[in-house]
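> Input file: protein_17.cif. Contents: mmCIF, C-alpha atoms and all ligand atoms.
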data_coords
loop_
_atom_site.label_atom_id
_atom_site.label_comp_id
_atom_site.auth_asym_id
_atom_site.auth_seq_id
_atom_site.Cartn_x
_atom_site.Cartn_y
_atom_site.Cartn_z
CA MET A 1 29.09 -83.52 95.58
CA SER A 2 27.89 -81.49 92.65
CA GLU A 3 25.06 -80.03 94.77
CA ASN A 4 27.83 -77.79 96.09
CA ILE A 5 27.96 -75.86 92.80
CA PHE A 6 25.51 -73.39 94.36
CA ILE A 7 25.72 -71.88 97.83
CA THR A 8 22.21 -70.48 97.40
CA GLU A 9 19.72 -71.51 94.74
CA ALA A 10 17.31 -68.70 93.92
CA GLU A 11 15.41 -67.49 90.91
CA ILE A 12 16.08 -63.82 90.32
CA THR A 13 14.49 -61.99 87.39
CA GLY A 14 13.98 -58.38 86.48
CA ASP A 15 10.85 -56.95 84.99
CA ALA A 16 12.43 -56.39 81.60
CA ASP A 17 10.33 -57.13 78.56
CA ALA A 18 10.88 -60.56 77.09
CA ASP A 19 13.01 -59.50 74.15
CA GLY A 20 16.20 -58.39 75.94
CA PRO A 21 19.48 -59.86 74.64
CA LEU A 22 19.51 -62.49 77.40
CA ALA A 23 15.78 -63.28 77.43
CA GLY A 24 15.23 -66.97 78.13
CA ARG A 25 18.86 -67.48 79.22
CA THR A 26 19.90 -68.67 82.67
CA VAL A 27 22.91 -67.17 84.43
CA ALA A 28 24.72 -68.35 87.58
CA VAL A 29 26.36 -65.60 89.62
CA LYS A 30 29.43 -65.92 91.86
CA ASP A 31 28.58 -65.40 95.50
CA ASN A 32 30.75 -62.31 95.93
CA ILE A 33 28.51 -60.29 93.57
CA SER A 34 25.72 -58.52 95.45
CA THR A 35 22.10 -59.53 94.81
CA GLU A 36 19.37 -57.50 96.48
CA GLY A 37 17.42 -59.65 98.91
CA VAL A 38 19.44 -62.81 98.19
CA ARG A 39 22.30 -63.67 100.54
CA THR A 40 25.81 -63.06 99.29
CA THR A 41 28.32 -65.02 101.38
CA CYS A 42 31.66 -64.76 99.55
CA GLY A 43 32.07 -68.41 100.54
CA SER A 44 32.68 -67.24 104.12
CA ARG A 45 31.16 -68.03 107.50
CA MET A 46 31.60 -64.32 108.23
CA LEU A 47 28.86 -63.49 105.71
CA GLU A 48 26.77 -66.65 106.11
CA ASP A 49 23.64 -64.57 106.78
CA TYR A 50 24.48 -61.37 104.89
CA VAL A 51 21.72 -60.16 102.57
CA PRO A 52 22.69 -57.13 100.46
CA PRO A 53 20.17 -54.27 100.25
CA TYR A 54 21.13 -53.52 96.64
CA ASP A 55 22.18 -55.15 93.35
CA ALA A 56 25.67 -55.01 91.86
CA THR A 57 25.65 -53.04 88.60
CA VAL A 58 26.29 -56.26 86.63
CA VAL A 59 23.22 -57.84 88.25
CA SER A 60 21.02 -54.86 87.32
CA ARG A 61 22.33 -55.19 83.77
CA LEU A 62 21.51 -58.92 83.71
CA LYS A 63 17.97 -58.15 84.87
CA ASP A 64 17.57 -55.38 82.29
CA ALA A 65 18.75 -57.80 79.59
CA GLY A 66 16.01 -60.26 80.51
CA ALA A 67 18.24 -62.95 82.03
CA THR A 68 17.10 -65.35 84.75
CA ILE A 69 19.64 -65.70 87.56
CA VAL A 70 19.45 -69.25 88.92
CA GLY A 71 21.66 -69.00 91.97
CA LYS A 72 24.79 -67.88 93.73
CA THR A 73 27.79 -70.09 93.13
CA ASN A 74 30.39 -71.68 95.34
CA MET A 75 33.80 -70.05 95.55
CA ASP A 76 37.03 -69.92 97.50
CA GLU A 77 36.50 -67.77 100.59
CA PHE A 78 36.60 -64.12 99.46
CA GLY A 79 38.14 -65.31 96.16
CA MET A 80 41.32 -66.53 97.86
CA GLY A 81 42.27 -69.80 96.21
CA THR A 82 42.66 -71.76 93.01
CA THR A 83 40.52 -74.82 93.76
CA THR A 84 37.24 -73.69 95.46
CA GLU A 85 38.39 -75.78 98.44
CA THR A 86 38.76 -72.81 100.82
CA SER A 87 34.97 -72.28 100.72
CA TYR A 88 33.30 -72.40 104.15
CA PHE A 89 30.47 -74.26 102.39
CA GLY A 90 32.72 -77.14 101.36
CA ALA A 91 34.69 -78.29 98.32
CA MET A 92 33.09 -79.42 95.09
CA GLU A 93 33.90 -81.76 92.25
CA ASN A 94 34.80 -80.76 88.69
CA PRO A 95 31.92 -81.92 86.44
CA ALA A 96 34.40 -82.41 83.57
CA ALA A 97 36.99 -84.32 85.63
CA PRO A 98 35.63 -86.58 88.39
CA GLY A 99 37.70 -86.59 91.59
CA ARG A 100 39.37 -83.31 90.61
CA VAL A 101 38.86 -79.70 91.68
CA PRO A 102 36.94 -77.34 89.37
CA GLY A 103 39.63 -74.66 89.75
CA GLY A 104 39.01 -71.39 91.51
CA SER A 105 38.18 -69.16 92.89
CA SER A 106 35.04 -69.01 90.67
CA GLY A 107 34.77 -72.82 90.62
CA GLY A 108 31.00 -72.93 91.10
CA SER A 109 30.36 -70.58 88.19
CA ALA A 110 32.50 -72.56 85.72
CA ALA A 111 31.04 -75.84 86.98
CA ALA A 112 27.46 -74.54 86.64
CA VAL A 113 28.09 -73.94 82.93
CA ALA A 114 30.02 -77.20 82.45
CA ALA A 115 27.28 -79.22 84.17
CA GLY A 116 24.50 -77.48 82.23
CA ASP A 117 22.96 -75.97 85.39
CA ALA A 118 23.14 -72.52 83.74
CA ASP A 119 23.67 -71.31 80.17
CA LEU A 120 26.10 -68.64 81.32
CA ALA A 121 27.80 -67.48 84.50
CA LEU A 122 29.63 -64.58 86.09
CA GLY A 123 32.82 -64.88 88.09
CA SER A 124 35.48 -62.47 89.26
CA ASP A 125 39.13 -62.59 88.27
CA THR A 126 41.72 -61.05 90.60
CA GLY A 127 44.61 -63.24 89.51
CA GLY A 128 43.00 -65.88 87.33
CA SER A 129 39.77 -66.81 89.08
CA VAL A 130 37.72 -66.78 85.87
CA ARG A 131 40.36 -68.24 83.55
CA CYS A 132 41.56 -71.04 85.86
CA PRO A 133 38.14 -72.65 86.47
CA ALA A 134 37.23 -72.12 82.81
CA ALA A 135 40.37 -74.07 81.82
CA PHE A 136 39.83 -76.83 84.43
CA CYS A 137 36.12 -77.30 83.61
CA GLY A 138 36.51 -77.12 79.82
CA VAL A 139 34.46 -73.95 79.26
CA VAL A 140 35.21 -70.41 78.02
CA GLY A 141 36.03 -67.54 80.40
CA ILE A 142 36.94 -63.91 79.79
CA LYS A 143 38.88 -61.58 82.09
CA PRO A 144 38.11 -58.06 80.80
CA THR A 145 40.48 -55.10 80.65
CA TYR A 146 40.62 -53.34 84.02
CA GLY A 147 37.93 -50.66 83.92
CA LEU A 148 35.69 -52.25 81.28
CA VAL A 149 33.22 -53.79 83.76
CA SER A 150 31.81 -52.12 86.86
CA ARG A 151 32.93 -53.48 90.23
CA TYR A 152 30.06 -51.74 92.05
CA GLY A 153 28.55 -54.39 94.30
CA LEU A 154 31.48 -56.83 93.90
CA VAL A 155 32.80 -57.55 97.39
CA ALA A 156 36.42 -56.41 97.13
CA TYR A 157 39.34 -58.78 97.60
CA ALA A 158 42.14 -56.88 95.77
CA ASN A 159 40.38 -54.03 94.01
CA SER A 160 43.27 -52.77 91.85
CA LEU A 161 43.52 -56.18 90.17
CA GLU A 162 40.02 -57.59 89.81
CA GLN A 163 37.31 -57.57 87.19
CA ILE A 164 34.02 -59.42 86.91
CA GLY A 165 34.08 -61.73 83.88
CA PRO A 166 31.70 -64.05 81.97
CA PHE A 167 31.66 -67.83 81.39
CA GLY A 168 29.91 -69.75 78.60
CA GLN A 169 30.00 -72.94 76.55
CA THR A 170 31.12 -71.05 73.44
CA VAL A 171 33.21 -67.96 72.80
CA GLU A 172 30.28 -66.21 71.14
CA GLU A 173 27.87 -66.78 74.03
CA THR A 174 30.50 -65.72 76.54
CA ALA A 175 31.10 -62.54 74.54
CA GLU A 176 27.35 -61.89 74.43
CA LEU A 177 27.33 -61.81 78.21
CA LEU A 178 30.31 -59.46 78.14
CA ASP A 179 28.33 -57.18 75.82
CA VAL A 180 25.61 -56.97 78.48
CA ILE A 181 27.83 -56.21 81.49
CA ALA A 182 30.54 -54.01 79.88
CA GLY A 183 30.64 -50.23 79.85
CA PRO A 184 31.06 -47.24 82.15
CA ASP A 185 29.18 -46.92 85.43
CA ASP A 186 28.76 -43.72 87.46
CA ARG A 187 29.03 -45.85 90.59
CA ASP A 188 32.55 -47.12 89.81
CA ALA A 189 34.97 -44.33 89.02
CA THR A 190 37.56 -46.80 87.70
CA THR A 191 35.33 -47.73 84.76
CA ARG A 192 35.86 -46.00 81.46
CA GLU A 193 34.47 -45.81 77.98
CA PRO A 194 36.54 -48.07 75.69
CA PRO A 195 38.10 -46.37 72.66
CA GLU A 196 35.59 -45.93 69.79
CA ASP A 197 36.95 -48.63 67.50
CA SER A 198 37.01 -51.34 70.18
CA ASN A 199 33.57 -51.17 71.71
CA SER A 200 31.25 -52.49 69.07
CA SER A 201 29.73 -55.89 69.88
CA TYR A 202 32.16 -58.41 71.34
CA ALA A 203 29.92 -61.29 70.23
CA ASP A 204 30.17 -60.12 66.61
CA ALA A 205 33.94 -60.49 66.81
CA ALA A 206 33.59 -64.27 67.33
CA ASP A 207 33.82 -64.91 63.60
CA GLY A 208 36.77 -67.32 63.67
CA ASP A 209 38.79 -65.24 61.22
CA VAL A 210 42.48 -65.47 62.17
CA ASP A 211 43.92 -65.04 58.70
CA GLY A 212 47.03 -62.85 59.09
CA LEU A 213 46.79 -62.80 62.91
CA SER A 214 50.15 -62.41 64.62
CA ILE A 215 50.54 -64.45 67.83
CA GLY A 216 53.37 -63.97 70.32
CA VAL A 217 54.25 -66.97 72.51
CA PRO A 218 55.98 -65.92 75.75
CA THR A 219 58.60 -68.62 76.33
CA GLU A 220 58.57 -68.02 80.11
CA LEU A 221 54.94 -69.13 80.30
CA LEU A 222 55.78 -72.58 78.92
CA GLU A 223 58.74 -73.22 81.20
CA GLY A 224 57.94 -75.66 83.96
CA ALA A 225 54.51 -76.47 82.57
CA ASP A 226 53.22 -80.04 82.50
CA GLU A 227 54.34 -81.91 79.36
CA GLY A 228 50.85 -82.97 78.30
CA VAL A 229 49.59 -79.42 78.76
CA VAL A 230 52.40 -78.05 76.58
CA GLU A 231 51.73 -80.65 73.89
CA THR A 232 48.03 -79.76 73.78
CA PHE A 233 48.98 -76.07 73.62
CA TRP A 234 51.24 -76.57 70.56
CA ASP A 235 48.57 -78.63 68.81
CA ALA A 236 46.12 -75.76 69.25
CA LEU A 237 48.68 -73.28 67.89
CA ALA A 238 49.26 -75.50 64.86
CA ASP A 239 45.50 -75.42 64.31
CA LEU A 240 45.55 -71.59 64.34
CA GLU A 241 48.52 -71.63 61.98
CA ASP A 242 46.58 -73.85 59.56
CA GLN A 243 43.88 -71.20 59.57
CA GLY A 244 46.29 -68.47 58.49
CA ALA A 245 47.71 -67.17 61.77
CA GLU A 246 51.45 -66.76 62.28
CA TYR A 247 53.32 -67.18 65.57
CA HIS A 248 56.69 -66.19 66.95
CA GLU A 249 58.32 -66.53 70.36
CA VAL A 250 58.56 -63.50 72.64
CA SER A 251 60.17 -62.96 76.02
CA LEU A 252 58.62 -61.44 79.14
CA PRO A 253 61.57 -61.46 81.57
CA SER A 254 59.59 -59.72 84.32
CA VAL A 255 57.04 -62.52 84.73
CA GLU A 256 59.59 -64.41 86.79
CA HIS A 257 58.61 -62.01 89.59
CA ALA A 258 54.89 -61.80 88.84
CA VAL A 259 53.65 -64.37 91.37
CA GLU A 260 55.59 -62.72 94.23
CA ALA A 261 54.46 -59.25 93.20
CA TYR A 262 50.86 -60.37 92.78
CA TYR A 263 50.64 -62.02 96.20
CA VAL A 264 52.20 -59.03 97.99
CA ILE A 265 49.78 -56.60 96.31
CA ALA A 266 46.71 -58.86 96.59
CA MET A 267 47.32 -59.66 100.26
CA SER A 268 48.04 -56.01 101.09
CA GLU A 269 44.80 -54.86 99.49
CA ALA A 270 42.92 -57.75 101.08
CA SER A 271 44.16 -56.87 104.56
CA SER A 272 42.69 -53.40 104.11
CA ASN A 273 39.49 -54.42 102.29
CA LEU A 274 38.60 -57.11 104.82
CA ALA A 275 38.95 -54.75 107.81
CA ARG A 276 35.24 -53.94 107.52
CA PHE A 277 34.26 -57.46 108.56
CA ASP A 278 34.33 -56.99 112.32
CA GLY A 279 30.85 -58.14 113.29
CA VAL A 280 29.75 -54.52 113.79
CA ARG A 281 29.94 -52.86 110.40
CA TYR A 282 29.65 -56.13 108.47
CA GLY A 283 29.65 -59.81 109.30
CA ASN A 284 28.56 -62.20 112.03
CA SER A 285 29.28 -60.75 115.45
CA GLY A 286 29.12 -64.14 117.14
CA GLY A 287 27.13 -62.37 119.87
CA TYR A 288 30.22 -61.40 121.82
CA GLU A 289 29.84 -58.51 124.24
CA GLY A 290 32.05 -56.38 126.39
CA ASN A 291 35.41 -55.01 125.32
CA TRP A 292 35.15 -53.92 121.68
CA ASN A 293 38.61 -55.09 120.64
CA ASP A 294 37.96 -58.45 122.16
CA ALA A 295 34.58 -58.85 120.41
CA PHE A 296 36.13 -57.73 117.11
CA GLY A 297 38.97 -60.25 117.47
CA ARG A 298 36.64 -63.10 118.33
CA ALA A 299 34.25 -62.37 115.46
CA ARG A 300 37.17 -62.45 113.02
CA GLU A 301 38.73 -65.53 114.62
CA GLU A 302 35.46 -67.39 114.18
CA GLY A 303 34.30 -65.88 110.88
CA PHE A 304 37.41 -66.27 108.70
CA GLY A 305 39.04 -69.49 107.48
CA ASP A 306 42.79 -70.25 107.56
CA GLU A 307 43.66 -69.00 104.06
CA VAL A 308 41.94 -65.66 104.67
CA LYS A 309 43.70 -65.24 108.01
CA ARG A 310 47.05 -66.09 106.46
CA ARG A 311 46.57 -63.39 103.82
CA ILE A 312 45.35 -60.71 106.25
CA LEU A 313 48.40 -61.32 108.44
CA LEU A 314 50.88 -61.26 105.54
CA GLY A 315 49.22 -58.24 103.93
CA THR A 316 49.20 -56.28 107.18
CA TYR A 317 52.88 -57.12 107.60
CA ALA A 318 53.76 -56.02 104.04
CA LEU A 319 52.04 -52.67 104.58
CA SER A 320 53.48 -51.99 108.05
CA ALA A 321 55.64 -48.90 108.53
CA GLY A 322 59.02 -50.66 108.64
CA TYR A 323 58.36 -53.01 105.73
CA HIS A 324 56.23 -51.04 103.30
CA ASP A 325 59.17 -50.02 101.09
CA LYS A 326 60.76 -53.44 101.24
CA TYR A 327 57.67 -55.37 100.09
CA TYR A 328 54.70 -53.32 98.91
CA LYS A 329 56.70 -50.68 97.04
CA LYS A 330 58.95 -53.31 95.43
CA ALA A 331 55.86 -55.22 94.30
CA GLN A 332 54.45 -52.05 92.71
CA ASP A 333 57.75 -51.56 90.85
CA ALA A 334 57.56 -55.15 89.59
CA ARG A 335 53.97 -54.51 88.48
CA ALA A 336 55.12 -51.54 86.39
CA TRP A 337 57.83 -53.70 84.83
CA VAL A 338 55.34 -56.45 83.96
CA LYS A 339 53.10 -53.87 82.26
CA GLN A 340 56.05 -52.59 80.22
CA ASP A 341 57.00 -56.10 79.12
CA PHE A 342 53.47 -56.84 77.93
CA ASP A 343 53.23 -53.51 76.08
CA GLN A 344 56.45 -54.30 74.29
CA ALA A 345 55.48 -57.87 73.37
CA LEU A 346 52.12 -56.64 72.11
CA SER A 347 53.73 -53.97 69.97
CA ASP A 348 54.56 -56.64 67.40
CA ALA A 349 51.89 -59.24 68.05
CA ASP A 350 48.09 -58.96 67.97
CA VAL A 351 47.66 -61.39 70.86
CA LEU A 352 49.86 -63.46 73.18
CA ALA A 353 49.16 -67.17 73.70
CA SER A 354 50.05 -69.57 76.52
CA PRO A 355 48.52 -72.45 78.43
CA THR A 356 46.00 -70.91 80.88
CA MET A 357 47.17 -73.18 83.70
CA PRO A 358 50.57 -74.89 83.72
CA VAL A 359 48.98 -78.04 85.13
CA PRO A 360 45.80 -80.10 84.65
CA PRO A 361 43.14 -79.92 87.42
CA PHE A 362 44.46 -81.03 90.84
CA GLU A 363 42.95 -83.99 92.62
CA LEU A 364 40.57 -82.96 95.39
CA GLY A 365 42.57 -82.30 98.57
CA GLU A 366 45.94 -82.39 96.79
CA SER A 367 46.97 -78.75 97.17
CA LEU A 368 45.28 -77.91 100.47
CA ASP A 369 48.26 -78.25 102.81
CA ASP A 370 50.68 -76.54 100.47
CA PRO A 371 49.77 -72.91 99.82
CA MET A 372 52.98 -72.38 97.80
CA GLN A 373 52.02 -75.08 95.29
CA MET A 374 48.65 -73.37 94.92
CA TYR A 375 50.15 -69.89 94.48
CA LEU A 376 52.64 -71.08 91.84
CA ALA A 377 49.82 -72.57 89.74
CA ASP A 378 48.78 -68.95 89.06
CA ALA A 379 52.03 -68.21 87.18
CA ASN A 380 50.38 -67.69 83.77
CA THR A 381 47.28 -65.81 84.89
CA VAL A 382 48.46 -63.25 87.48
CA PRO A 383 50.78 -61.32 85.10
CA VAL A 384 47.70 -60.35 83.07
CA ASN A 385 45.99 -58.78 86.10
CA LEU A 386 49.19 -56.94 87.04
CA ALA A 387 49.18 -55.50 83.50
CA ASP A 388 45.39 -54.69 83.55
CA LEU A 389 44.94 -56.50 80.19
CA PRO A 390 42.08 -58.56 78.71
CA ALA A 391 42.40 -62.32 78.31
CA VAL A 392 40.28 -65.30 77.41
CA SER A 393 40.65 -68.96 78.32
CA VAL A 394 39.30 -71.26 75.64
CA PRO A 395 39.26 -75.09 75.66
CA ALA A 396 42.29 -76.36 73.70
CA GLY A 397 41.87 -80.11 74.09
CA GLU A 398 42.70 -82.68 76.73
CA THR A 399 45.66 -84.37 78.34
CA ASP A 400 44.96 -87.82 79.84
CA GLY A 401 41.27 -87.05 79.56
CA LEU A 402 41.62 -83.79 81.54
CA PRO A 403 40.65 -80.39 80.06
CA VAL A 404 43.42 -77.99 78.98
CA GLY A 405 42.75 -74.29 78.46
CA LEU A 406 44.57 -71.92 76.12
CA GLN A 407 44.98 -68.31 77.23
CA LEU A 408 44.97 -65.45 74.74
CA VAL A 409 45.98 -62.00 76.00
CA GLY A 410 45.31 -58.77 74.11
CA PRO A 411 46.20 -55.09 74.44
CA ALA A 412 44.06 -52.89 76.73
CA PHE A 413 40.47 -52.86 75.43
CA GLY A 414 41.48 -55.43 72.80
CA GLU A 415 38.63 -57.77 73.82
CA ARG A 416 37.51 -58.12 70.22
CA GLN A 417 40.96 -59.38 69.21
CA VAL A 418 41.08 -62.11 71.86
CA VAL A 419 37.46 -63.11 71.20
CA ARG A 420 38.14 -63.43 67.47
CA ALA A 421 41.29 -65.50 67.98
CA ALA A 422 39.64 -67.76 70.58
CA SER A 423 36.63 -68.41 68.35
CA ALA A 424 38.94 -69.93 65.73
CA LEU A 425 39.70 -72.81 68.09
CA GLU A 426 36.07 -73.99 68.26
N1 LIG B 501 44.41 -67.86 92.93
C1 LIG B 501 44.55 -66.45 93.03
C2 LIG B 501 44.43 -66.03 94.47
O1 LIG B 501 44.23 -66.87 95.28
C3 LIG B 501 43.55 -65.73 92.19
C4 LIG B 501 42.23 -65.62 92.84
C5 LIG B 501 41.30 -64.71 92.12
O2 LIG B 501 41.49 -64.36 90.95
N2 LIG B 501 40.30 -64.27 92.87
O3 LIG B 501 44.57 -64.90 94.82
#
Show this structure as structure tokens.


Amino acid sequence: MSENIFITEAEITGDADADGPLAGRTVAVKDNISTEGVRTTCGSRMLEDYVPPYDATVVSRLKDAGATIVGKTNMDEFGMGTTTETSYFGAMENPAAPGRVPGGSSGGSAAAVAAGDADLALGSDTGGSVRCPAAFCGVVGIKPTYGLVSRYGLVAYANSLEQIGPFGQTVEETAELLDVIAGPDDRDATTREPPEDSNSSYADAADGDVDGLSIGVPTELLEGADEGVVETFWDALADLEDQGAEYHEVSLPSVEHAVEAYYVIAMSEASSNLARFDGVRYGNSGGYEGNWNDAFGRAREEGFGDEVKRRILLGTYALSAGYHDKYYKKAQDARAWVKQDFDQALSDADVLASPTMPVPPFELGESLDDPMQMYLADANTVPVNLADLPAVSVPAGETDGLPVGLQLVGPAFGERQVVRAASALE
């Protein structure tokens, strides 16, 4: 099954001289990140034959840094999922946990690194899609502060929430890839220059020095989590404490509403972003002729899978005239509250720590018929996207032989803080 790590294998190199920071390194790229001349499917039948005429900014930066891209990785269709099972190209197995899912939606990217098919990888994280597969596959993943990495050429799912993020075997290597892709881009007006003191090398921050570090542990993010996961989490915290860090419990009352708010916002944005896939502007037309509305409907009926259709329908409903204030506006209010809670908790802690996922990797097929079970698994990751903050998932150990990830969240543009703290666990 592991051949399904890549949707398209291709060797893509730039003409950079051989001494760029990523010279000699291989990178796998999620298949929703545009690569000029190499098809970019988003894991969807709709884009099965779509070949972008330009590179995403992050891809140009990889080429300039001397990296070799080895292929485009499997993913949940348009990033909608937590297991990589909604891919039109088929599910795939977790290389670190046979019979289990690799997590999602960037499952192929995390698996490529875990299986040694690439040194590094890029994914995208709308509500956890870098951190979840990193945790499930036992590798490192970083979700950058909103605005640190250009989204130009990333096929949008929920653009106010998502960032492209790196995967690697170690915190330092992962941060090296972040160094290459981070920074303002004229082609994405939501990018910005990080404050002066926070933008020196992220890789340099991976020095393992947590002496005097103050860690807040949000109690809400431990509630309802699997016992073995929680045990592994506390062992990792004890390890940090032994190295001179201090921890205290904090409360984030708003996160109780984060999953609802996230799914209303993500589905609303998705319903709008995916309107362009009508077989005329983008996507397979299916060859239908005649009445335009009819052809449009049939192309979308055939091109999209069930999870994507479910989200377009719910998102369209949440944005409709009579319900906008009841759902979308409420969700935006909840988002503001989540941001406030994080700001407050981070006013007397350097970083916040929790399990990345409340559960170990699902068995293949286990969560497919129950979307609610899948959505609730995102409880610890989506609040971070609602708050626009940076976070890392770092391997914390195992429960019953299954990888457990620890999530560290920092203040906006506090990537160096989370990188430093995570490196102490290696
Ligand atoms: N599991 C979440 C979702 O399905 C997150 C996905 C992501 O970050 N792209 O929306």

> What's around Ile181 (chain A) at 8 Å? Count only C-alpha atoms, leave out sequence neighbours fewer than 3 positions away in its own chain, and write the answer as a short mmCIF file (atom, residue, chain, number, x, y, z; two decimals) with C-alpha atoms, keeping the file's coordinate frame.


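The result, written out as around20.cif:
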data_model
loop_
_atom_site.label_atom_id
_atom_site.label_comp_id
_atom_site.auth_asym_id
_atom_site.auth_seq_id
_atom_site.Cartn_x
_atom_site.Cartn_y
_atom_site.Cartn_z
CA VAL A 58 26.29 -56.26 86.63
CA ARG A 61 22.33 -55.19 83.77
CA LEU A 62 21.51 -58.92 83.71
CA VAL A 149 33.22 -53.79 83.76
CA SER A 150 31.81 -52.12 86.86
CA LEU A 177 27.33 -61.81 78.21
CA LEU A 178 30.31 -59.46 78.14
#

> Pick out the residues no farther than 9 Å from ligand LIG 501 (chain B), counting only C-alpha atoms and all ligand atoms, and list them as a PyMOL selection string.

chain A and resi 76+78-83+103-106+123-132+157-158+161-163+262-263+266-267+374-378+381-382+385

> If you keep C-alpha atoms, can you produce a file of those selected residues as a PDB file, in the coordinates of the input?


ATOM      1  CA  ASP A  76      37.030 -69.920  97.500  1.00  0.00           C
ATOM      2  CA  PHE A  78      36.600 -64.120  99.460  1.00  0.00           C
ATOM      3  CA  GLY A  79      38.140 -65.310  96.160  1.00  0.00           C
ATOM      4  CA  MET A  80      41.320 -66.530  97.860  1.00  0.00           C
ATOM      5  CA  GLY A  81      42.270 -69.800  96.210  1.00  0.00           C
ATOM      6  CA  THR A  82      42.660 -71.760  93.010  1.00  0.00           C
ATOM      7  CA  THR A  83      40.520 -74.820  93.760  1.00  0.00           C
ATOM      8  CA  GLY A 103      39.630 -74.660  89.750  1.00  0.00           C
ATOM      9  CA  GLY A 104      39.010 -71.390  91.510  1.00  0.00           C
ATOM     10  CA  SER A 105      38.180 -69.160  92.890  1.00  0.00           C
ATOM     11  CA  SER A 106      35.040 -69.010  90.670  1.00  0.00           C
ATOM     12  CA  GLY A 123      32.820 -64.880  88.090  1.00  0.00           C
ATOM     13  CA  SER A 124      35.480 -62.470  89.260  1.00  0.00           C
ATOM     14  CA  ASP A 125      39.130 -62.590  88.270  1.00  0.00           C
ATOM     15  CA  THR A 126      41.720 -61.050  90.600  1.00  0.00           C
ATOM     16  CA  GLY A 127      44.610 -63.240  89.510  1.00  0.00           C
ATOM     17  CA  GLY A 128      43.000 -65.880  87.330  1.00  0.00           C
ATOM     18  CA  SER A 129      39.770 -66.810  89.080  1.00  0.00           C
ATOM     19  CA  VAL A 130      37.720 -66.780  85.870  1.00  0.00           C
ATOM     20  CA  ARG A 131      40.360 -68.240  83.550  1.00  0.00           C
ATOM     21  CA  CYS A 132      41.560 -71.040  85.860  1.00  0.00           C
ATOM     22  CA  TYR A 157      39.340 -58.780  97.600  1.00  0.00           C
ATOM     23  CA  ALA A 158      42.140 -56.880  95.770  1.00  0.00           C
ATOM     24  CA  LEU A 161      43.520 -56.180  90.170  1.00  0.00           C
ATOM     25  CA  GLU A 162      40.020 -57.590  89.810  1.00  0.00           C
ATOM     26  CA  GLN A 163      37.310 -57.570  87.190  1.00  0.00           C
ATOM     27  CA  TYR A 262      50.860 -60.370  92.780  1.00  0.00           C
ATOM     28  CA  TYR A 263      50.640 -62.020  96.200  1.00  0.00           C
ATOM     29  CA  ALA A 266      46.710 -58.860  96.590  1.00  0.00           C
ATOM     30  CA  MET A 267      47.320 -59.660 100.260  1.00  0.00           C
ATOM     31  CA  MET A 374      48.650 -73.370  94.920  1.00  0.00           C
ATOM     32  CA  TYR A 375      50.150 -69.890  94.480  1.00  0.00           C
ATOM     33  CA  LEU A 376      52.640 -71.080  91.840  1.00  0.00           C
ATOM     34  CA  ALA A 377      49.820 -72.570  89.740  1.00  0.00           C
ATOM     35  CA  ASP A 378      48.780 -68.950  89.060  1.00  0.00           C
ATOM     36  CA  THR A 381      47.280 -65.810  84.890  1.00  0.00           C
ATOM     37  CA  VAL A 382      48.460 -63.250  87.480  1.00  0.00           C
ATOM     38  CA  ASN A 385      45.990 -58.780  86.100  1.00  0.00           C
TER      39      ASN A 385
END

> Scan for residues within 12 Å of the point (29.2, -72.9, 84.9) in the coordinates of the file, using only C-alpha atoms, and reply as a ChimeraX atom specification.

/A:2,5-6,26-30,70-75,94-96,102-104,106-123,130,133-141,166-170,174

> Tell me, as an NGL selection string, which residues lie within 6 Å of region 211-221 of chain A, counting only C-alpha atoms; anything in the same chain fewer than 6 positions away does not count.

:A and (244-251 or 349-353 or 380)

> Residues near Glu227 (chain A), anyone? I mean within 12 Å using all atoms listed in the file, not counting same-chain ones fewer than 5 positions away, as a ChimeraX atom specification.

/A:222,232-234,355,358-360,398-400,404

> Hey, which of A:Val259, A:Val51, A:Val418, A:Ala18 ends up closest to Gly283 (chain A)? Count all atoms listed in the file.

A:Val51

> Separation of CA of Asp226 (chain A) and CA of Ala391 (chain A), in Å?

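Atom-to-atom, CA of Asp226 (chain A) and CA of Ala391 (chain A) are spaced 21.2 Å apart.
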
> By how many Å are CA of Ala182 (chain A) and CA of Pro383 (chain A) apart?

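These two atoms are separated by 22.1 Å.
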
> Which is closest to Gly14 (chain A) among A:Ser60, A:Ser160, A:Ser44, A:Thr191, if we use all atoms listed in the file?

A:Ser60

> For a test of reading the model, state the distance in Å between CA of Asn273 (chain A) and CA of Phe413 (chain A), rounded to one decimal.

26.9 Å

> So, counting all atoms listed in the file, which residue among A:Asp188, A:Glu85, A:Asp341, A:Glu77 is closest to Val308 (chain A)?

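That would be A:Glu77, the residue with the smallest distance to Val308 (chain A).
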